[in-house]
file work_33.txt (compact mmCIF, C-alpha atoms and all ligand atoms)
# COMPACT_ATOMS: atom_id res chain seq x y z
CA MET A 1 57.36 127.74 106.32
CA ALA A 2 60.73 126.49 105.07
CA VAL A 3 62.51 123.25 104.23
CA LEU A 4 66.00 122.77 105.71
CA LEU A 5 68.43 120.83 103.53
CA THR A 6 71.36 119.54 105.60
CA GLY A 7 74.25 118.85 103.23
CA GLY A 8 72.32 120.89 100.68
CA ALA A 9 75.42 122.32 98.99
CA GLY A 10 76.44 118.84 97.82
CA TYR A 11 75.67 117.08 94.57
CA ILE A 12 72.17 115.74 95.24
CA GLY A 13 71.32 118.49 97.73
CA SER A 14 71.99 121.35 95.31
CA HIS A 15 69.82 119.76 92.59
CA THR A 16 67.06 119.16 95.14
CA ALA A 17 67.34 122.75 96.39
CA LEU A 18 66.77 123.93 92.83
CA CYS A 19 63.84 121.59 92.28
CA ILE A 20 61.98 122.40 95.47
CA ALA A 21 62.67 126.14 95.27
CA ASN A 22 61.20 126.08 91.75
CA ALA A 23 58.16 124.30 93.18
CA GLY A 24 57.54 127.36 95.35
CA LEU A 25 58.92 126.14 98.71
CA ASP A 26 61.32 128.24 100.80
CA VAL A 27 64.68 126.51 101.13
CA VAL A 28 67.44 126.91 103.73
CA VAL A 29 70.76 125.05 103.39
CA LEU A 30 73.07 124.04 106.22
CA ASP A 31 76.39 122.53 105.15
CA ASN A 32 79.90 122.36 106.62
CA LEU A 33 81.32 122.49 103.06
CA SER A 34 83.56 119.47 103.80
CA ASN A 35 82.72 118.11 100.35
CA SER A 36 81.11 121.04 98.53
CA SER A 37 81.38 124.66 97.50
CA PRO A 38 79.20 127.66 98.36
CA GLU A 39 79.30 128.41 94.63
CA ALA A 40 76.77 125.58 94.10
CA ILE A 41 74.19 127.40 96.23
CA ARG A 42 75.05 130.75 94.65
CA ARG A 43 74.25 129.19 91.27
CA VAL A 44 71.02 127.62 92.53
CA SER A 45 69.96 131.10 93.68
CA GLU A 46 70.87 132.45 90.25
CA LEU A 47 68.96 129.69 88.42
CA THR A 48 65.84 129.95 90.55
CA GLY A 49 65.90 133.73 90.97
CA LYS A 50 65.43 133.15 94.73
CA GLU A 51 67.88 133.89 97.51
CA ILE A 52 68.74 130.52 99.11
CA PRO A 53 70.26 131.10 102.57
CA LEU A 54 73.40 129.03 103.21
CA ILE A 55 74.36 128.45 106.84
CA ILE A 56 77.92 127.19 107.07
CA GLY A 57 77.63 124.82 109.98
CA ASP A 58 77.98 121.25 111.12
CA CYS A 59 75.07 118.92 111.59
CA THR A 60 76.83 117.21 114.50
CA ASN A 61 76.88 120.57 116.32
CA LYS A 62 73.67 121.46 118.17
CA ASP A 63 74.47 125.19 118.19
CA ASP A 64 74.86 125.24 114.41
CA LEU A 65 71.52 123.52 113.93
CA GLU A 66 69.95 125.83 116.51
CA LYS A 67 71.05 128.79 114.37
CA ALA A 68 69.06 127.44 111.44
CA PHE A 69 65.95 126.56 113.46
CA SER A 70 65.87 129.84 115.33
CA ALA A 71 66.40 132.00 112.25
CA TYR A 72 63.88 130.30 109.90
CA PRO A 73 60.40 128.76 110.29
CA ILE A 74 61.55 125.22 109.40
CA ASP A 75 58.80 122.63 109.32
CA GLN A 76 60.48 119.97 107.13
CA VAL A 77 64.04 118.69 106.81
CA VAL A 78 65.81 116.74 104.09
CA HIS A 79 68.89 115.20 105.66
CA PHE A 80 71.63 114.78 103.03
CA ALA A 81 74.60 115.66 105.27
CA GLY A 82 77.05 112.81 105.47
CA LEU A 83 80.33 111.40 104.30
CA LYS A 84 79.84 109.00 101.41
CA ALA A 85 83.09 107.44 100.14
CA VAL A 86 82.99 103.67 100.66
CA GLY A 87 86.78 103.14 100.48
CA GLU A 88 87.48 106.00 102.89
CA SER A 89 84.93 104.57 105.32
CA VAL A 90 86.85 101.28 105.39
CA ALA A 91 90.08 103.17 106.17
CA LYS A 92 88.49 105.62 108.64
CA PRO A 93 85.46 103.88 110.15
CA LEU A 94 85.34 106.01 113.31
CA MET A 95 85.22 109.20 111.29
CA TYR A 96 82.25 107.81 109.34
CA TYR A 97 80.33 106.51 112.36
CA ARG A 98 80.98 109.74 114.29
CA ASN A 99 79.97 112.07 111.47
CA ASN A 100 77.05 110.23 109.95
CA LEU A 101 75.44 108.88 113.11
CA ASP A 102 76.06 111.98 115.19
CA ALA A 103 74.53 114.12 112.43
CA SER A 104 71.34 112.01 112.44
CA LEU A 105 71.07 112.00 116.26
CA THR A 106 71.80 115.70 116.75
CA LEU A 107 69.37 116.65 114.02
CA LEU A 108 66.59 114.56 115.61
CA GLU A 109 67.18 116.22 118.98
CA VAL A 110 67.11 119.75 117.60
CA MET A 111 64.05 118.99 115.45
CA ALA A 112 62.24 117.70 118.56
CA ALA A 113 63.21 120.80 120.54
CA HIS A 114 61.65 122.96 117.81
CA GLY A 115 58.54 120.84 117.23
CA CYS A 116 59.61 120.00 113.69
CA ASN A 117 58.30 116.52 112.89
CA GLN A 118 58.82 115.87 109.17
CA LEU A 119 62.05 114.38 107.86
CA VAL A 120 63.29 112.90 104.59
CA PHE A 121 66.53 110.92 104.85
CA SER A 122 69.14 110.06 102.19
CA SER A 123 69.66 106.32 102.48
CA SER A 124 71.21 104.11 99.86
CA ALA A 125 70.79 100.89 97.92
CA THR A 126 73.94 99.79 99.70
CA VAL A 127 71.74 98.70 102.66
CA TYR A 128 70.67 95.68 100.57
CA GLY A 129 74.21 94.31 100.95
CA THR A 130 74.99 91.34 98.73
CA ILE A 131 71.49 90.09 97.98
CA GLN A 132 71.39 88.56 94.51
CA GLU A 133 67.66 88.53 93.83
CA MET A 134 66.74 91.44 91.52
CA PRO A 135 64.92 93.79 91.36
CA LEU A 136 65.43 94.92 94.96
CA LYS A 137 62.26 95.53 96.95
CA GLU A 138 62.02 97.58 100.13
CA ASN A 139 61.05 94.55 102.25
CA PHE A 140 64.11 92.48 101.34
CA PRO A 141 66.54 91.56 104.14
CA LEU A 142 69.18 94.20 104.86
CA GLY A 143 72.90 94.05 105.63
CA CYS A 144 76.04 95.97 104.73
CA THR A 145 79.58 95.28 103.60
CA ASN A 146 81.35 98.49 104.70
CA PRO A 147 81.16 101.16 107.44
CA TYR A 148 79.55 103.73 105.12
CA GLY A 149 76.71 101.32 104.43
CA TRP A 150 76.33 100.56 108.14
CA THR A 151 75.99 104.28 108.94
CA LYS A 152 73.04 104.37 106.52
CA LEU A 153 71.44 101.21 107.87
CA MET A 154 72.01 102.27 111.51
CA SER A 155 70.56 105.72 110.78
CA GLU A 156 67.53 104.04 109.19
CA GLN A 157 67.12 101.97 112.37
CA ILE A 158 67.40 105.07 114.57
CA PHE A 159 64.72 106.80 112.48
CA ARG A 160 62.48 103.72 112.62
CA ASP A 161 62.79 103.51 116.42
CA VAL A 162 62.22 107.22 116.95
CA GLY A 163 59.23 107.06 114.60
CA LYS A 164 57.73 104.19 116.66
CA ALA A 165 58.17 106.07 119.91
CA ASP A 166 56.65 109.32 118.64
CA LEU A 167 53.60 108.71 116.50
CA GLY A 168 53.49 112.38 115.53
CA LEU A 169 56.57 112.05 113.35
CA SER A 170 56.62 111.66 109.56
CA ILE A 171 59.85 110.11 108.34
CA VAL A 172 60.57 109.10 104.75
CA LEU A 173 63.67 106.99 104.11
CA LEU A 174 64.82 107.17 100.49
CA ARG A 175 67.15 104.48 99.18
CA TYR A 176 68.94 106.01 96.22
CA PHE A 177 70.36 103.87 93.45
CA ASN A 178 73.11 105.42 91.26
CA PRO A 179 72.58 109.17 90.74
CA VAL A 180 74.27 110.61 87.64
CA GLY A 181 73.96 113.62 85.33
CA ALA A 182 73.38 117.25 86.14
CA HIS A 183 70.84 120.04 85.77
CA GLU A 184 70.24 120.70 82.07
CA SER A 185 71.64 124.24 82.41
CA GLY A 186 75.13 122.82 83.00
CA ARG A 187 75.52 125.32 85.87
CA ILE A 188 75.41 122.79 88.72
CA GLY A 189 76.68 119.22 88.77
CA GLU A 190 78.82 116.62 90.51
CA ASP A 191 82.20 117.96 91.63
CA PRO A 192 84.15 115.21 93.36
CA ASN A 193 87.31 115.95 95.32
CA GLY A 194 90.38 114.31 93.79
CA ILE A 195 90.08 111.24 91.57
CA PRO A 196 86.44 110.20 91.31
CA ASN A 197 85.35 106.85 92.76
CA ASN A 198 82.14 106.70 90.80
CA LEU A 199 81.77 105.67 87.21
CA MET A 200 80.07 108.67 85.56
CA PRO A 201 82.36 111.43 86.92
CA PHE A 202 85.33 109.23 86.01
CA ILE A 203 84.04 108.84 82.43
CA CYS A 204 83.50 112.62 82.22
CA GLN A 205 87.03 113.40 83.37
CA VAL A 206 88.52 110.91 80.92
CA ALA A 207 86.48 112.46 78.10
CA LYS A 208 87.73 115.90 79.15
CA GLY A 209 91.33 114.70 79.21
CA ARG A 210 91.78 115.23 82.97
CA LEU A 211 92.32 111.46 83.33
CA GLU A 212 93.99 109.21 80.78
CA ARG A 213 91.67 106.23 80.67
CA LEU A 214 88.85 104.49 82.48
CA SER A 215 89.57 101.23 84.29
CA ILE A 216 86.59 98.92 83.97
CA PHE A 217 86.57 96.88 87.15
CA GLY A 218 86.00 93.34 85.90
CA ASN A 219 84.53 91.85 82.73
CA ASP A 220 83.86 88.38 84.13
CA TYR A 221 80.67 89.05 86.11
CA PRO A 222 77.59 86.95 85.29
CA THR A 223 76.02 89.83 83.31
CA LYS A 224 75.24 90.26 79.61
CA ASP A 225 78.74 91.60 78.75
CA GLY A 226 80.62 90.64 81.92
CA THR A 227 80.74 94.17 83.38
CA GLY A 228 78.81 95.33 86.48
CA VAL A 229 75.19 96.36 86.10
CA ARG A 230 73.65 99.26 88.05
CA ASP A 231 70.46 101.32 88.15
CA TYR A 232 71.58 104.81 87.05
CA ILE A 233 69.09 107.57 87.82
CA HIS A 234 69.21 111.15 86.54
CA VAL A 235 69.89 113.47 89.50
CA MET A 236 66.94 115.71 88.51
CA ASP A 237 64.58 112.71 88.60
CA LEU A 238 66.03 111.94 92.02
CA ALA A 239 65.54 115.58 93.10
CA GLU A 240 61.88 115.34 92.05
CA GLY A 241 61.63 112.22 94.23
CA HIS A 242 62.42 114.44 97.24
CA LEU A 243 59.66 116.85 96.34
CA ALA A 244 57.25 113.90 96.22
CA ALA A 245 58.60 112.62 99.56
CA LEU A 246 58.09 116.02 101.20
CA LYS A 247 54.47 116.04 100.00
CA TYR A 248 54.03 112.48 101.31
CA ALA A 249 55.49 113.49 104.71
CA ARG A 250 53.02 116.38 104.92
CA GLU A 251 50.10 113.98 104.37
CA HIS A 252 51.15 110.86 106.33
CA ARG A 253 52.41 110.01 109.81
CA GLY A 254 54.89 107.19 110.56
CA VAL A 255 58.05 105.87 108.92
CA GLU A 256 58.08 104.70 105.30
CA VAL A 257 60.91 103.57 103.06
CA PHE A 258 61.15 103.90 99.26
CA ASN A 259 63.58 102.87 96.56
CA LEU A 260 64.42 105.70 94.16
CA GLY A 261 65.70 104.08 91.00
CA THR A 262 64.52 103.53 87.44
CA GLY A 263 64.16 99.76 87.64
CA VAL A 264 66.49 99.38 84.64
CA GLY A 265 70.07 98.13 84.86
CA TYR A 266 72.88 99.21 82.53
CA SER A 267 76.36 97.68 82.38
CA VAL A 268 79.60 99.65 82.56
CA LEU A 269 80.09 99.05 78.83
CA ASP A 270 76.53 100.24 78.12
CA MET A 271 77.42 103.47 79.94
CA VAL A 272 80.69 103.99 78.09
CA HIS A 273 79.12 103.31 74.69
CA ALA A 274 76.08 105.51 75.37
CA PHE A 275 78.31 108.36 76.55
CA GLU A 276 80.48 108.10 73.42
CA GLU A 277 77.51 107.97 71.08
CA VAL A 278 75.50 110.79 72.68
CA ASN A 279 78.44 113.18 73.04
CA HIS A 280 80.49 112.18 69.96
CA ILE A 281 83.59 111.75 72.07
CA GLN A 282 85.93 108.85 72.78
CA VAL A 283 86.34 107.33 76.25
CA PRO A 284 89.52 105.23 76.25
CA TYR A 285 89.28 102.30 78.68
CA ARG A 286 91.01 99.14 79.76
CA ILE A 287 89.75 96.09 81.58
CA ALA A 288 91.09 95.96 85.15
CA PRO A 289 90.58 93.48 88.01
CA ARG A 290 87.32 93.49 89.92
CA ARG A 291 87.04 96.16 92.63
CA PRO A 292 86.80 94.49 96.07
CA GLY A 293 83.30 94.67 97.52
CA ASP A 294 81.53 95.21 94.16
CA ILE A 295 78.53 93.09 93.30
CA ALA A 296 77.58 91.97 89.77
CA THR A 297 74.13 93.48 89.47
CA CYS A 298 71.97 95.94 91.39
CA TYR A 299 68.70 97.53 90.31
CA ALA A 300 65.54 98.73 92.01
CA ASP A 301 61.93 97.77 92.02
CA PRO A 302 60.53 101.34 92.12
CA THR A 303 56.87 100.23 92.23
CA LYS A 304 56.28 101.39 95.80
CA ALA A 305 57.49 104.94 95.00
CA HIS A 306 55.29 104.95 91.86
CA ASP A 307 52.24 103.84 93.84
CA LEU A 308 52.57 105.85 97.05
CA LEU A 309 54.74 108.85 96.15
CA HIS A 310 53.17 109.15 92.66
CA TRP A 311 56.69 109.69 91.38
CA GLN A 312 58.50 108.20 88.44
CA THR A 313 61.60 108.86 86.43
CA HIS A 314 61.28 110.62 83.06
CA ARG A 315 64.84 111.15 81.91
CA THR A 316 66.64 108.65 79.69
CA LEU A 317 70.18 107.30 79.52
CA THR A 318 70.76 109.80 76.70
CA ASP A 319 69.73 112.66 79.01
CA MET A 320 72.04 111.37 81.76
CA CYS A 321 75.06 111.20 79.42
CA ARG A 322 74.33 114.52 77.71
CA ASP A 323 73.77 116.46 80.94
CA ALA A 324 76.78 114.94 82.72
CA TRP A 325 78.99 115.96 79.81
CA ASN A 326 77.42 119.41 79.47
CA TRP A 327 78.32 120.12 83.11
CA GLN A 328 81.86 118.68 82.83
CA ASN A 329 82.59 120.39 79.53
CA ASN A 330 81.42 123.79 80.78
CA ASN A 331 83.11 123.41 84.18
CA PRO A 332 86.28 121.41 83.54
CA MET A 333 87.49 121.98 87.13
CA GLY A 334 84.04 121.86 88.70
CA TYR A 335 83.36 124.86 90.95
CA ARG A 336 87.07 125.48 91.56
CA ASN A 337 87.56 128.17 88.92
CA ALA A 338 84.39 130.00 89.83
P1 LIG B 1 77.91 115.16 98.69
O1 LIG B 1 79.17 114.81 99.41
O2 LIG B 1 78.02 115.90 97.42
O3 LIG B 1 76.92 115.94 99.67
C1 LIG B 1 76.92 115.73 101.06
C2 LIG B 1 77.06 117.09 101.70
O4 LIG B 1 77.05 116.94 103.12
C3 LIG B 1 78.37 117.81 101.34
O5 LIG B 1 78.05 119.09 100.84
C4 LIG B 1 79.14 117.89 102.66
O6 LIG B 1 79.90 119.06 102.73
C5 LIG B 1 78.01 117.84 103.66
N1 LIG B 1 78.34 117.32 104.99
C6 LIG B 1 78.98 116.17 105.32
N2 LIG B 1 79.01 116.03 106.66
C7 LIG B 1 78.40 117.11 107.19
C8 LIG B 1 78.13 117.54 108.50
N3 LIG B 1 78.51 116.84 109.57
N4 LIG B 1 77.47 118.71 108.68
C9 LIG B 1 77.09 119.46 107.61
N5 LIG B 1 77.32 119.10 106.35
C10 LIG B 1 77.96 117.93 106.13
O7 LIG B 1 77.12 113.79 98.47
P2 LIG B 1 75.82 113.52 97.61
O8 LIG B 1 76.21 112.60 96.50
O9 LIG B 1 75.09 114.75 97.32
O10 LIG B 1 75.01 112.64 98.66
C11 LIG B 1 74.02 113.20 99.52
C12 LIG B 1 73.55 112.12 100.48
O11 LIG B 1 73.05 111.03 99.73
C13 LIG B 1 74.67 111.56 101.36
O12 LIG B 1 74.12 111.29 102.64
C14 LIG B 1 75.03 110.26 100.67
O13 LIG B 1 75.55 109.31 101.55
C15 LIG B 1 73.68 109.83 100.11
N6 LIG B 1 73.79 108.95 98.92
C16 LIG B 1 74.54 109.34 97.86
C17 LIG B 1 74.67 108.49 96.75
C18 LIG B 1 75.52 108.88 95.57
O14 LIG B 1 75.87 107.99 94.78
N7 LIG B 1 75.85 110.14 95.36
C19 LIG B 1 74.01 107.26 96.75
C20 LIG B 1 73.23 106.90 97.84
C21 LIG B 1 73.12 107.75 98.95
N1 LIG B 2 83.24 101.21 87.84
C1 LIG B 2 84.28 100.98 86.97
N2 LIG B 2 85.31 101.88 86.94
C2 LIG B 2 85.35 102.98 87.73
C3 LIG B 2 84.27 103.22 88.62
C4 LIG B 2 83.23 102.30 88.65
O1 LIG B 2 84.28 99.99 86.24
O2 LIG B 2 86.33 103.75 87.67
C5 LIG B 2 82.11 100.27 87.87
C6 LIG B 2 81.88 99.58 89.22
O3 LIG B 2 82.66 98.40 89.30
C7 LIG B 2 80.37 99.32 89.19
C8 LIG B 2 79.82 100.49 88.38
O4 LIG B 2 80.93 101.01 87.63
O5 LIG B 2 80.10 98.13 88.47
C9 LIG B 2 79.25 101.62 89.24
O6 LIG B 2 80.22 102.00 90.21
P1 LIG B 2 80.05 103.27 91.13
O7 LIG B 2 81.26 103.36 92.01
O8 LIG B 2 79.72 104.45 90.28
O9 LIG B 2 78.74 102.96 91.99
P2 LIG B 2 78.43 101.75 93.03
O10 LIG B 2 79.59 100.84 93.08
O11 LIG B 2 78.20 102.47 94.29
O12 LIG B 2 77.21 101.09 92.50
call {"tool": "encode", "arguments": {"input": "work_33.txt", "output": "structure tokens"}}
result
Amino acid sequence: MAVLLTGGAGYIGSHTALCIANAGLDVVVLDNLSNSSPEAIRRVSELTGKEIPLIIGDCTNKDDLEKAFSAYPIDQVVHFAGLKAVGESVAKPLMYYRNNLDASLTLLEVMAAHGCNQLVFSSSATVYGTIQEMPLKENFPLGCTNPYGWTKLMSEQIFRDVGKADLGLSIVLLRYFNPVGAHESGRIGEDPNGIPNNLMPFICQVAKGRLERLSIFGNDYPTKDGTGVRDYIHVMDLAEGHLAALKYAREHRGVEVFNLGTGVGYSVLDMVHAFEEVNHIQVPYRIAPRRPGDIATCYADPTKAHDLLHWQTHRTLTDMCRDAWNWQNNNPMGYRNA
């Protein structure tokens, strides 16, 4: 049997492909490469010593999904495929709703047609909206502040409804916090298109000299040093969370939701200082105005994932900073020069 990773050539998908292939599962990737490179999967094959098939196809296209399901004995799916840039989703909401919702719906239809009933879905901490009570627990009220977030929350709702209607389904919704870092080999990592939106890739590109300085968005939040606090999680810990979710889906029916975070919050200044100290490199920065839509603090209560998935994070902030830099330093232009 095989696990299909939609969007598996992307940042989190490629690390998960590596992790679950190393655990002995057969992996198939389907990706339209709209935000990724086939080189990522080539390198995962190289690192694992296993041929990982890459189907270049679109998850909103039934025929493309059919190709995957008819060619391989797929009994589980991890659904990463989606557009993920918050700012772009505000500018192009239709594109986000069309891509992200259509991908979830089409996938469910093709899975049903092939009797595949186990799914793990990439949701996000963004579905907690602007709640201020921390740490965030899975049963807190939900709401979003941008179209990207709504596509995640609406997909969650679709999966919950479909799971209620068909009691044979196993669906695991994973709410990721802030994934950072890279595989320790430095061969795969995060390769954003254009100027990064997220903090860690921005820090890496400043350190490498691709960008002049970091803008820290606000130092007047009600946090210990005034800068925003987030729950950064090493992408390999996150990848291992998917392996645990796949095992859970094999053993349980129904729909379940889990936070995947460390439960610890670090500020932007904590991140900059840790990165400088671990990698012995300067990260010039300036304080800039707050970024619209940002909240002061966000971190997970990961207890439910500890208890039911038997999963927990092992990697430290030092590991996150070292591995992110190792990838950036070895691949200054990401996969582009490969
Ligand atoms: P990514 O952009 O690196 O990976 C997503 C992949 O999906 C890309 O390879 C892209 O080419 C592919 N894709 C997009 N639309 C597709 C479609 N219609 N058909 C086929 N492939 C398609 O992003 P990532 O950081 O690896 O995120 C993976 C998932 O996790 C996404 O759904 C994202 O929304 C979610 N997520 C990411 C974060 C984060 O901070 N990185 C946080 C929470 C949730
Ligand atoms: N941030 C920043 N400068 C940047 C990018 C991000 O100061 O160039 C801050 C941002 O305001 C937030 C934290 O870093 O407090 C994490 O932001 P990111 O975009 O990585 O994740 P998210 O906003 O989704 O939590």
call {"tool": "residues_around", "arguments": {"input": "work_33.txt", "residues": "Gln157 of chain A", "least_positions_apart": "3", "cutoff": "12 Å", "atoms": "all atoms listed in the file", "output": "PyMOL selection string"}}
result
chain A and resi 101+104-105+121+123+127+142-143+150-154+160-164+171+173+255-257
call {"tool": "residues_near_ligand", "arguments": {"input": "work_33.txt", "ligand": "ligand LIG 1 (chain B)", "cutoff": "8 Å", "atoms": "all atoms listed in the file", "output": "MDAnalysis selection string"}}
result
chainID A and resid 6:14 30:37 56:61 79:85 99:100 102:103 121:126 148 152 175:180 190:192 198
call {"tool": "atom_distance", "arguments": {"input": "work_33.txt", "atom1": "atom CA of Asn197 of chain A", "atom2": "atom CA of Val44 of chain A"}}
result
25.2 Å
call {"tool": "atom_distance", "arguments": {"input": "work_33.txt", "atom1": "atom CA of Trp327 of chain A", "atom2": "atom CA of Glu88 of chain A"}}
result
26.0 Å
call {"tool": "residues_near_ligand", "arguments": {"input": "work_33.txt", "ligand": "ligand LIG 2 (chain B)", "cutoff": "9 Å", "atoms": "all atoms listed in the file", "output": "MDAnalysis selection string"}}
result
chainID A and resid 86 125:126 177:180 196:203 214:219 227:232 267:269 271 287:288 290:298
call {"tool": "write_last_selection", "arguments": {"input": "work_33.txt", "atoms": "C-alpha atoms", "output": "PDB file, keeping the file's coordinate frame"}}
result
ATOM      1  CA  VAL A  86      82.990 103.670 100.660  1.00  0.00           C
ATOM      2  CA  ALA A 125      70.790 100.890  97.920  1.00  0.00           C
ATOM      3  CA  THR A 126      73.940  99.790  99.700  1.00  0.00           C
ATOM      4  CA  PHE A 177      70.360 103.870  93.450  1.00  0.00           C
ATOM      5  CA  ASN A 178      73.110 105.420  91.260  1.00  0.00           C
ATOM      6  CA  PRO A 179      72.580 109.170  90.740  1.00  0.00           C
ATOM      7  CA  VAL A 180      74.270 110.610  87.640  1.00  0.00           C
ATOM      8  CA  PRO A 196      86.440 110.200  91.310  1.00  0.00           C
ATOM      9  CA  ASN A 197      85.350 106.850  92.760  1.00  0.00           C
ATOM     10  CA  ASN A 198      82.140 106.700  90.800  1.00  0.00           C
ATOM     11  CA  LEU A 199      81.770 105.670  87.210  1.00  0.00           C
ATOM     12  CA  MET A 200      80.070 108.670  85.560  1.00  0.00           C
ATOM     13  CA  PRO A 201      82.360 111.430  86.920  1.00  0.00           C
ATOM     14  CA  PHE A 202      85.330 109.230  86.010  1.00  0.00           C
ATOM     15  CA  ILE A 203      84.040 108.840  82.430  1.00  0.00           C
ATOM     16  CA  LEU A 214      88.850 104.490  82.480  1.00  0.00           C
ATOM     17  CA  SER A 215      89.570 101.230  84.290  1.00  0.00           C
ATOM     18  CA  ILE A 216      86.590  98.920  83.970  1.00  0.00           C
ATOM     19  CA  PHE A 217      86.570  96.880  87.150  1.00  0.00           C
ATOM     20  CA  GLY A 218      86.000  93.340  85.900  1.00  0.00           C
ATOM     21  CA  ASN A 219      84.530  91.850  82.730  1.00  0.00           C
ATOM     22  CA  THR A 227      80.740  94.170  83.380  1.00  0.00           C
ATOM     23  CA  GLY A 228      78.810  95.330  86.480  1.00  0.00           C
ATOM     24  CA  VAL A 229      75.190  96.360  86.100  1.00  0.00           C
ATOM     25  CA  ARG A 230      73.650  99.260  88.050  1.00  0.00           C
ATOM     26  CA  ASP A 231      70.460 101.320  88.150  1.00  0.00           C
ATOM     27  CA  TYR A 232      71.580 104.810  87.050  1.00  0.00           C
ATOM     28  CA  SER A 267      76.360  97.680  82.380  1.00  0.00           C
ATOM     29  CA  VAL A 268      79.600  99.650  82.560  1.00  0.00           C
ATOM     30  CA  LEU A 269      80.090  99.050  78.830  1.00  0.00           C
ATOM     31  CA  MET A 271      77.420 103.470  79.940  1.00  0.00           C
ATOM     32  CA  ILE A 287      89.750  96.090  81.580  1.00  0.00           C
ATOM     33  CA  ALA A 288      91.090  95.960  85.150  1.00  0.00           C
ATOM     34  CA  ARG A 290      87.320  93.490  89.920  1.00  0.00           C
ATOM     35  CA  ARG A 291      87.040  96.160  92.630  1.00  0.00           C
ATOM     36  CA  PRO A 292      86.800  94.490  96.070  1.00  0.00           C
ATOM     37  CA  GLY A 293      83.300  94.670  97.520  1.00  0.00           C
ATOM     38  CA  ASP A 294      81.530  95.210  94.160  1.00  0.00           C
ATOM     39  CA  ILE A 295      78.530  93.090  93.300  1.00  0.00           C
ATOM     40  CA  ALA A 296      77.580  91.970  89.770  1.00  0.00           C
ATOM     41  CA  THR A 297      74.130  93.480  89.470  1.00  0.00           C
ATOM     42  CA  CYS A 298      71.970  95.940  91.390  1.00  0.00           C
TER      43      CYS A 298
END
call {"tool": "atom_distance", "arguments": {"input": "work_33.txt", "atom1": "atom CA of Glu156 of chain A", "atom2": "atom CA of Val172 of chain A"}}
result
9.7 Å
call {"tool": "closest_residue", "arguments": {"input": "work_33.txt", "among": "A:Val120, A:Met95, A:Ala305, A:Ala274", "to": "Gln76 of chain A", "atoms": "only C-alpha atoms"}}
result
A:Val120
call {"tool": "closest_residue", "arguments": {"input": "work_33.txt", "among": "A:Ala182, A:Ile188, A:Met236, A:Ala324", "to": "Ser45 of chain A", "atoms": "all atoms listed in the file"}}
result
A:Ile188
call {"tool": "residues_near_point", "arguments": {"input": "work_33.txt", "point": "(61.4, 105.8, 95.3)", "cutoff": "10 Å", "atoms": "all atoms listed in the file", "output": "short mmCIF file (atom, residue, chain, number, x, y, z; two decimals) with C-alpha atoms, in the frame of the given file"}}
result
data_model
loop_
_atom_site.label_atom_id
_atom_site.label_comp_id
_atom_site.auth_asym_id
_atom_site.auth_seq_id
_atom_site.Cartn_x
_atom_site.Cartn_y
_atom_site.Cartn_z
CA GLU A 138 62.02 97.58 100.13
CA LEU A 173 63.67 106.99 104.11
CA LEU A 174 64.82 107.17 100.49
CA ARG A 175 67.15 104.48 99.18
CA TYR A 176 68.94 106.01 96.22
CA PHE A 177 70.36 103.87 93.45
CA LEU A 238 66.03 111.94 92.02
CA GLY A 241 61.63 112.22 94.23
CA HIS A 242 62.42 114.44 97.24
CA ALA A 244 57.25 113.90 96.22
CA ALA A 245 58.60 112.62 99.56
CA VAL A 257 60.91 103.57 103.06
CA PHE A 258 61.15 103.90 99.26
CA ASN A 259 63.58 102.87 96.56
CA LEU A 260 64.42 105.70 94.16
CA GLY A 261 65.70 104.08 91.00
CA THR A 262 64.52 103.53 87.44
CA ALA A 300 65.54 98.73 92.01
CA ASP A 301 61.93 97.77 92.02
CA PRO A 302 60.53 101.34 92.12
CA THR A 303 56.87 100.23 92.23
CA LYS A 304 56.28 101.39 95.80
CA ALA A 305 57.49 104.94 95.00
CA HIS A 306 55.29 104.95 91.86
CA ASP A 307 52.24 103.84 93.84
CA LEU A 308 52.57 105.85 97.05
CA LEU A 309 54.74 108.85 96.15
CA HIS A 310 53.17 109.15 92.66
CA TRP A 311 56.69 109.69 91.38
CA GLN A 312 58.50 108.20 88.44
CA THR A 313 61.60 108.86 86.43
#
call {"tool": "closest_residue", "arguments": {"input": "work_33.txt", "among": "A:His183, A:Asn326, A:Leu107, A:Pro135", "to": "Ala17 of chain A", "atoms": "all atoms listed in the file"}}
result
A:His183
call {"tool": "residues_around", "arguments": {"input": "work_33.txt", "residues": "Gln205 of chain A", "least_positions_apart": "2", "cutoff": "10 Å", "atoms": "all atoms listed in the file", "output": "list of chain:residue names"}}
result
A:Ile195, A:Pro196, A:Met200, A:Pro201, A:Phe202, A:Ile203, A:Ala207, A:Lys208, A:Gly209, A:Arg210, A:Leu211, A:Glu212, A:Arg213, A:Leu214, A:Val283, A:Trp325, A:Gln328, A:Asn329, A:Pro332, A:Met333
call {"tool": "closest_residue", "arguments": {"input": "work_33.txt", "among": "A:Gly168, A:Glu46, A:Gly24, A:Phe159", "to": "Gly115 of chain A", "atoms": "only C-alpha atoms"}}
result
A:Gly168
call {"tool": "closest_residue", "arguments": {"input": "work_33.txt", "among": "A:Pro289, A:Pro73, A:Pro147, A:Gly129", "to": "Arg98 of chain A", "atoms": "all atoms listed in the file"}}
result
A:Pro147
call {"tool": "decode", "arguments": {"input": "work_33.txt", "residues": "segment 112-121 of chain A", "atoms": "C-alpha atoms", "output": "short mmCIF file (atom, residue, chain, number, x, y, z; two decimals), in the first residue's frame"}}
result
data_model
loop_
_atom_site.label_atom_id
_atom_site.label_comp_id
_atom_site.auth_asym_id
_atom_site.auth_seq_id
_atom_site.Cartn_x
_atom_site.Cartn_y
_atom_site.Cartn_z
CA ALA A 112 -14.41 7.85 -2.32
CA ALA A 113 -14.42 6.49 -5.87
CA HIS A 114 -11.34 4.41 -5.03
CA GLY A 115 -12.44 3.27 -1.57
CA CYS A 116 -9.61 5.18 0.10
CA ASN A 117 -10.85 6.30 3.52
CA GLN A 118 -7.89 7.68 5.47
CA LEU A 119 -6.88 11.32 5.22
CA VAL A 120 -4.56 13.70 7.08
CA PHE A 121 -5.14 17.39 6.36
#
